[in-house]
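Q: Input file: entry39.txt. Contents: compact mmCIF, C-alpha atoms.
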```txt
# COMPACT_ATOMS: atom_id res chain seq x y z
CA GLY A 182 97.78 122.43 115.63
CA GLY A 183 94.45 120.73 115.00
CA GLY A 184 92.33 117.88 116.28
CA GLY A 185 93.11 114.26 115.59
CA GLY A 186 96.74 114.93 114.77
CA VAL A 187 95.82 117.08 111.77
CA GLU A 188 98.05 120.08 111.15
CA VAL A 189 96.25 123.36 110.51
CA VAL A 190 98.00 125.63 108.00
CA ALA A 191 96.98 129.18 107.10
CA VAL A 192 97.19 129.84 103.35
CA ASP A 193 96.62 132.81 101.09
CA ARG A 194 93.92 131.44 98.77
CA GLY A 195 90.26 132.32 98.62
CA GLY A 196 87.56 130.18 100.18
CA GLU A 197 86.93 128.63 103.57
CA ALA A 198 88.65 125.73 105.36
CA THR A 199 89.50 122.63 103.40
CA TRP A 200 91.50 119.44 103.87
CA HIS A 201 94.21 117.71 101.85
CA GLY A 202 95.41 114.20 102.53
CA PRO A 203 95.91 110.64 101.31
CA GLY A 204 93.39 109.39 98.78
CA GLN A 205 92.73 112.86 97.40
CA LEU A 206 93.76 113.96 93.92
CA VAL A 207 95.15 117.51 94.07
CA ALA A 208 96.19 119.69 91.14
CA TYR A 209 97.74 123.10 91.65
CA PRO A 210 98.40 124.49 88.15
CA VAL A 211 100.64 127.52 87.74
CA LEU A 212 99.32 129.45 84.75
CA HIS A 213 99.71 132.97 83.44
CA LEU A 214 96.17 133.99 82.60
CA GLU A 215 97.46 136.59 80.15
CA SER A 216 97.64 133.57 77.83
CA TYR A 217 94.02 132.57 78.54
CA ARG A 218 91.53 135.02 80.02
CA LYS A 219 92.08 137.51 82.84
CA ASP A 220 88.89 136.59 84.67
CA VAL A 221 88.74 135.02 88.14
CA HIS A 222 85.20 133.66 87.69
CA TRP A 223 86.10 132.11 84.35
CA TYR A 224 89.19 130.42 85.81
CA LEU A 225 87.24 128.87 88.69
CA ARG A 226 84.65 127.53 86.25
CA ALA A 227 87.46 126.11 84.11
CA LEU A 228 88.96 124.29 87.10
CA GLU A 229 85.53 122.89 87.94
CA GLU A 230 85.20 121.71 84.35
CA VAL A 231 88.54 119.91 84.63
CA ALA A 232 87.43 118.18 87.84
CA MET A 233 84.04 117.22 86.38
CA ARG A 234 85.61 115.74 83.25
CA THR A 235 88.18 113.87 85.36
CA ALA A 236 85.55 112.37 87.64
CA THR A 237 83.26 111.48 84.75
CA SER A 238 85.97 109.78 82.70
CA LEU A 239 87.25 107.90 85.73
CA ALA A 240 83.75 106.76 86.69
CA VAL A 241 83.09 105.44 83.18
CA SER A 242 86.32 103.44 83.35
CA LEU A 243 85.13 101.90 86.63
CA LEU A 244 81.79 100.58 85.33
CA HIS A 245 81.37 96.85 85.94
CA GLN A 246 80.16 96.42 82.37
CA ALA A 247 82.78 98.06 80.21
CA PRO A 248 81.45 99.87 77.11
CA ALA A 249 81.24 97.61 74.06
CA GLU A 250 82.84 100.36 72.01
CA PRO A 251 86.23 101.94 72.74
CA ALA A 252 86.34 104.49 75.56
CA PRO A 253 84.51 107.77 74.81
CA VAL A 254 86.70 110.24 72.98
CA GLY A 255 85.18 113.44 74.34
CA PRO A 256 83.70 114.78 77.60
CA GLY A 257 80.22 114.91 76.08
CA ASP A 258 80.44 111.22 75.15
CA ALA A 259 81.56 110.23 78.64
CA ARG A 260 78.83 112.30 80.32
CA HIS A 261 76.18 110.80 78.06
CA LEU A 262 77.41 107.26 78.70
CA LEU A 263 77.57 107.73 82.48
CA LEU A 264 74.08 109.22 82.58
CA GLU A 265 72.66 106.55 80.27
CA ARG A 266 74.20 103.61 82.15
CA THR A 267 73.73 104.82 85.74
CA GLY A 268 71.56 107.93 85.89
CA ALA A 269 74.47 109.77 87.53
CA ARG A 270 76.37 112.90 86.57
CA PHE A 271 79.06 115.19 87.95
CA ASP A 272 77.89 118.78 87.80
CA ARG A 273 77.76 122.14 89.57
CA LEU A 274 75.34 123.13 92.30
CA PRO A 275 73.89 126.64 91.75
CA GLY A 276 75.13 129.07 94.37
CA TYR A 277 78.13 126.94 95.37
CA THR A 278 81.59 126.22 94.03
CA GLY A 279 83.06 122.79 93.48
CA VAL A 280 81.97 119.54 91.85
CA TRP A 281 78.89 117.60 92.92
CA LEU A 282 77.73 114.07 92.23
CA TYR A 283 74.04 113.70 91.40
CA ALA A 284 72.88 110.07 91.46
CA PRO A 285 69.63 108.14 91.98
CA TRP A 286 71.09 106.13 94.88
CA LEU A 287 72.04 109.37 96.66
CA GLY A 288 68.58 110.91 96.39
CA GLY A 289 68.74 112.40 92.91
CA GLU A 290 68.49 116.12 92.22
CA ALA A 291 67.66 117.00 95.81
CA SER A 292 70.75 115.44 97.40
CA PRO A 293 73.99 116.03 95.49
CA VAL A 294 77.23 115.14 97.26
CA LYS A 295 80.30 117.34 97.00
CA VAL A 296 83.31 115.38 95.75
CA GLY A 297 85.55 118.17 94.44
CA ALA A 298 86.65 121.62 95.59
CA THR A 299 88.47 124.63 94.18
CA GLY A 300 90.38 127.47 95.80
CA VAL A 301 92.70 129.92 94.07
CA LYS A 302 95.01 132.87 94.49
CA PHE A 303 96.36 135.23 91.85
CA SER A 304 99.51 137.32 91.72
CA ARG A 305 99.78 139.49 88.61
CA TRP A 306 97.44 136.99 86.94
CA VAL A 307 99.69 134.04 87.74
CA THR A 308 97.64 131.32 89.42
CA LYS A 309 98.29 129.51 92.70
CA HIS A 310 96.42 126.67 94.44
CA GLY A 311 93.78 124.89 92.36
CA LEU A 312 91.47 121.89 92.69
CA SER A 313 91.03 118.69 94.66
CA LEU A 314 88.96 115.59 93.99
CA ASN A 315 88.10 113.15 96.78
CA LEU A 316 88.83 109.64 95.55
CA HIS A 317 89.19 107.27 98.51
CA CYS A 318 90.15 109.53 101.40
CA ASP A 319 89.20 109.37 105.08
CA LEU A 320 86.10 111.56 105.35
CA SER A 321 86.01 111.76 109.14
CA TRP A 322 87.62 115.20 108.89
CA ALA A 323 84.37 116.45 107.32
CA GLY A 324 81.97 114.44 109.44
CA GLY A 325 82.14 111.55 106.98
CA ARG A 326 79.41 109.66 105.19
CA ASP A 327 78.81 105.96 104.73
CA GLY A 328 77.05 106.08 101.38
CA GLY A 329 73.95 107.79 102.71
CA SER A 330 73.17 111.47 102.36
CA SER A 331 73.23 112.51 106.02
CA VAL A 332 75.73 115.03 107.34
CA SER A 333 77.50 114.21 110.58
CA PRO A 334 78.44 117.07 112.95
CA SER A 335 81.54 115.23 114.18
CA GLY A 336 84.03 116.49 111.60
CA LEU A 337 87.13 118.52 112.32
CA ILE A 338 86.10 121.30 109.92
CA VAL A 339 83.10 122.61 108.01
CA PRO A 340 84.36 122.02 104.46
CA CYS A 341 84.31 125.22 102.38
CA GLY A 342 82.06 126.79 105.00
CA ILE A 343 79.01 124.74 103.90
CA PRO A 344 77.49 123.11 107.02
CA ASP A 345 74.36 121.56 105.51
CA ARG A 346 75.67 119.70 102.44
CA PRO A 347 77.35 116.29 102.50
CA VAL A 348 80.94 115.78 101.42
CA GLY A 349 81.84 112.45 99.87
CA SER A 350 84.48 110.58 97.94
CA LEU A 351 84.07 108.65 94.73
CA GLN A 352 84.74 105.39 96.53
CA ALA A 353 82.12 106.10 99.22
CA SER A 354 79.56 107.71 96.93
CA LEU A 355 79.51 105.53 93.80
CA ASP A 356 77.15 102.53 93.82
CA PRO A 357 79.28 99.36 94.18
CA THR A 358 76.69 97.38 92.22
CA LEU A 359 77.47 99.58 89.20
CA PHE A 360 81.11 100.55 89.73
CA ARG A 361 84.33 98.81 90.76
CA VAL A 362 84.74 101.12 93.74
CA GLU A 363 87.64 99.08 95.11
CA ALA A 364 89.66 100.19 92.07
CA VAL A 365 89.40 103.91 92.85
CA ASP A 366 92.90 105.26 93.47
CA CYS A 367 95.06 108.26 92.65
CA PRO A 368 97.47 106.62 90.15
CA SER A 369 94.62 105.45 87.93
CA ALA A 370 92.99 108.89 88.10
CA VAL A 371 96.06 110.88 87.00
CA PRO A 372 95.76 110.10 83.25
CA HIS A 373 92.10 111.15 83.36
CA LEU A 374 93.11 114.42 85.02
CA ALA A 375 95.85 115.06 82.46
CA CYS A 376 93.45 114.52 79.55
CA ALA A 377 90.79 116.69 81.14
CA PHE A 378 93.24 119.52 81.82
CA ALA A 379 94.58 119.39 78.27
CA SER A 380 91.09 119.33 76.76
CA VAL A 381 89.90 122.33 78.79
CA PHE A 382 92.96 124.57 78.80
CA GLY A 383 94.22 123.54 75.38
CA ALA A 384 90.88 124.47 73.88
CA VAL A 385 90.43 127.70 75.84
CA GLY A 386 93.81 128.87 74.64
CA GLU A 387 92.39 128.64 71.14
CA GLY A 388 89.21 130.58 71.75
CA GLY A 389 87.47 129.18 74.81
CA VAL A 390 85.13 126.35 75.72
CA VAL A 391 84.18 127.42 79.25
CA GLU A 392 81.69 130.25 79.67
```
Now, as a test, write the supplied structure out as structure tokens.

A:
Amino acid sequence: GGGGGVEVVAVDRGGEATWHGPGQLVAYPVLHLESYRKDVHWYLRALEEVAMRTATSLAVSLLHQAPAEPAPVGPGDARHLLLERTGARFDRLPGYTGVWLYAPWLGGEASPVKVGATGVKFSRWVTKHGLSLNLHCDLSWAGGRDGGSSVSPSGLIVPCGIPDRPVGSLQASLDPTLFRVEAVDCPSAVPHLACAFASVFGAVGEGGVVE
């Protein structure tokens, strides 16, 4: 058992403690990496790329001022548009796994907020577990954050074993003056996830786009 009515479950994946619950987009692909690349590091980077593309595409769709042109057709277009319109980007943080939001209203380069996590297990190069993206979930399990960059010690767990970095959700971390944060939900995010997964793993099966 766990605190606050949260059930604690031991699992066989890599990584430290994490949380899954309502308002979180979770994808656990089952892939045979014989068809892609038999490389644990590469697979984790590919999952991160999927999560970053999902978050970026979703964020662009939530902008108050919709693009004058049709929605961007590629991940590079979406990243450029998000950065140009808001100064924000979803990226990696050197030395850590997962997906991080860098934004001027969060403190810029010095204060990224973790919004996505990965954790995997392999059995004869068949994958288990996968990725999660915090959309509009209750963050009290991780100490929570109210849009600032402070880390509260009151959480039930230390997410991914990182005690000094804030965990956020898209709804809590995006600037409501720029984004329709009230529209963040899992059903609207699923098509973005499907497109991102197809663009990353469809392409890598044909030669590789993730290094």

Q: Separation of atom CA of Thr278 of chain A and atom CA of Thr358 of chain A, in Å?

A: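 Value for the atom CA of Thr278 of chain A-atom CA of Thr358 of chain A distance: 29.3 Å.
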
Q: Using only C-alpha atoms, which of A:Asp356, A:Glu229, A:Asp319, A:Glu215 sits nearest Trp200 of chain A?

A: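 Among A:Asp356, A:Glu229, A:Asp319, A:Glu215, it is A:Asp319 that comes nearest to Trp200 of chain A.
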
Q: For segment 303-310 of chain A, find every residue with an atom within 7 Å (counting all atoms listed in the file), except residues of its own chain fewer than 5 positions away, and show them as number ranges by chain.

A: A: 194, 209-215, 219

Q: Next, dump the selected residues to file, keeping only C-alpha atoms, as a PDB file, in the coordinates of the input.

A:
```pdb
ATOM      1  CA  ARG A 194      93.920 131.440  98.770  1.00  0.00           C
ATOM      2  CA  TYR A 209      97.740 123.100  91.650  1.00  0.00           C
ATOM      3  CA  PRO A 210      98.400 124.490  88.150  1.00  0.00           C
ATOM      4  CA  VAL A 211     100.640 127.520  87.740  1.00  0.00           C
ATOM      5  CA  LEU A 212      99.320 129.450  84.750  1.00  0.00           C
ATOM      6  CA  HIS A 213      99.710 132.970  83.440  1.00  0.00           C
ATOM      7  CA  LEU A 214      96.170 133.990  82.600  1.00  0.00           C
ATOM      8  CA  GLU A 215      97.460 136.590  80.150  1.00  0.00           C
ATOM      9  CA  LYS A 219      92.080 137.510  82.840  1.00  0.00           C
TER      10      LYS A 219
END
```

Q: Quick one: distance from atom CA of Ala370 of chain A to atom CA of Gly279 of chain A in Å, one decimal?

A: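 These atoms are spaced 17.9 Å apart.
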
Q: What is the atom CA of Gly297 of chain A-atom CA of Ala232 of chain A distance in Å, reported with one decimal?

A: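 Separation between atom CA of Gly297 of chain A and atom CA of Ala232 of chain A: 6.9 Å.
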
Q: Compare A:Leu274, A:Arg260, A:Leu282, A:Val371 by their minimum atom-to-atom distance to Arg234 of chain A, counting all atoms listed in the file, and give me the closest one.

A: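 Result for the nearest residue to Arg234 of chain A: A:Arg260.
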
Q: Determine the nearest neighbour of Pro357 of chain A from the options A:Arg226, A:His245, A:Arg273, A:Arg218, counting only C-alpha atoms.

A: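 Counting only C-alpha atoms, the residue closest to Pro357 of chain A is A:His245.
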
Q: List as a ChimeraX atom specification the protein and nucleic acid residues near Leu225 of chain A, meaning an atom at most 10 Å away when all atoms listed in the file are counted, but skip any in the same chain fewer than 2 places from it.

A: /A:220-223,227-231,278-279,299-301,311-312

Q: Choose the residue, out of A:Leu206, A:Val241, A:Ala364, A:Ala379, that has the smallest atom-to-atom separation from Asp258 of chain A; count all atoms listed in the file.

A: A:Val241

Q: With distances taken over all atoms listed in the file, which residue among A:Leu320, A:Lys302, A:Ala240, A:Trp281 lies nearest Leu355 of chain A?

A: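 Checking each of A:Leu320, A:Lys302, A:Ala240, A:Trp281 against Leu355 of chain A, counting all atoms listed in the file, the winner is A:Ala240.
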
Q: Ranking A:Leu374, A:Leu314, A:Leu351, A:Val365 by minimum distance to Tyr283 of chain A and counting all atoms listed in the file, which one comes first?

A: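 Once distances to Tyr283 of chain A are computed over all atoms listed in the file, the minimum belongs to A:Leu351.
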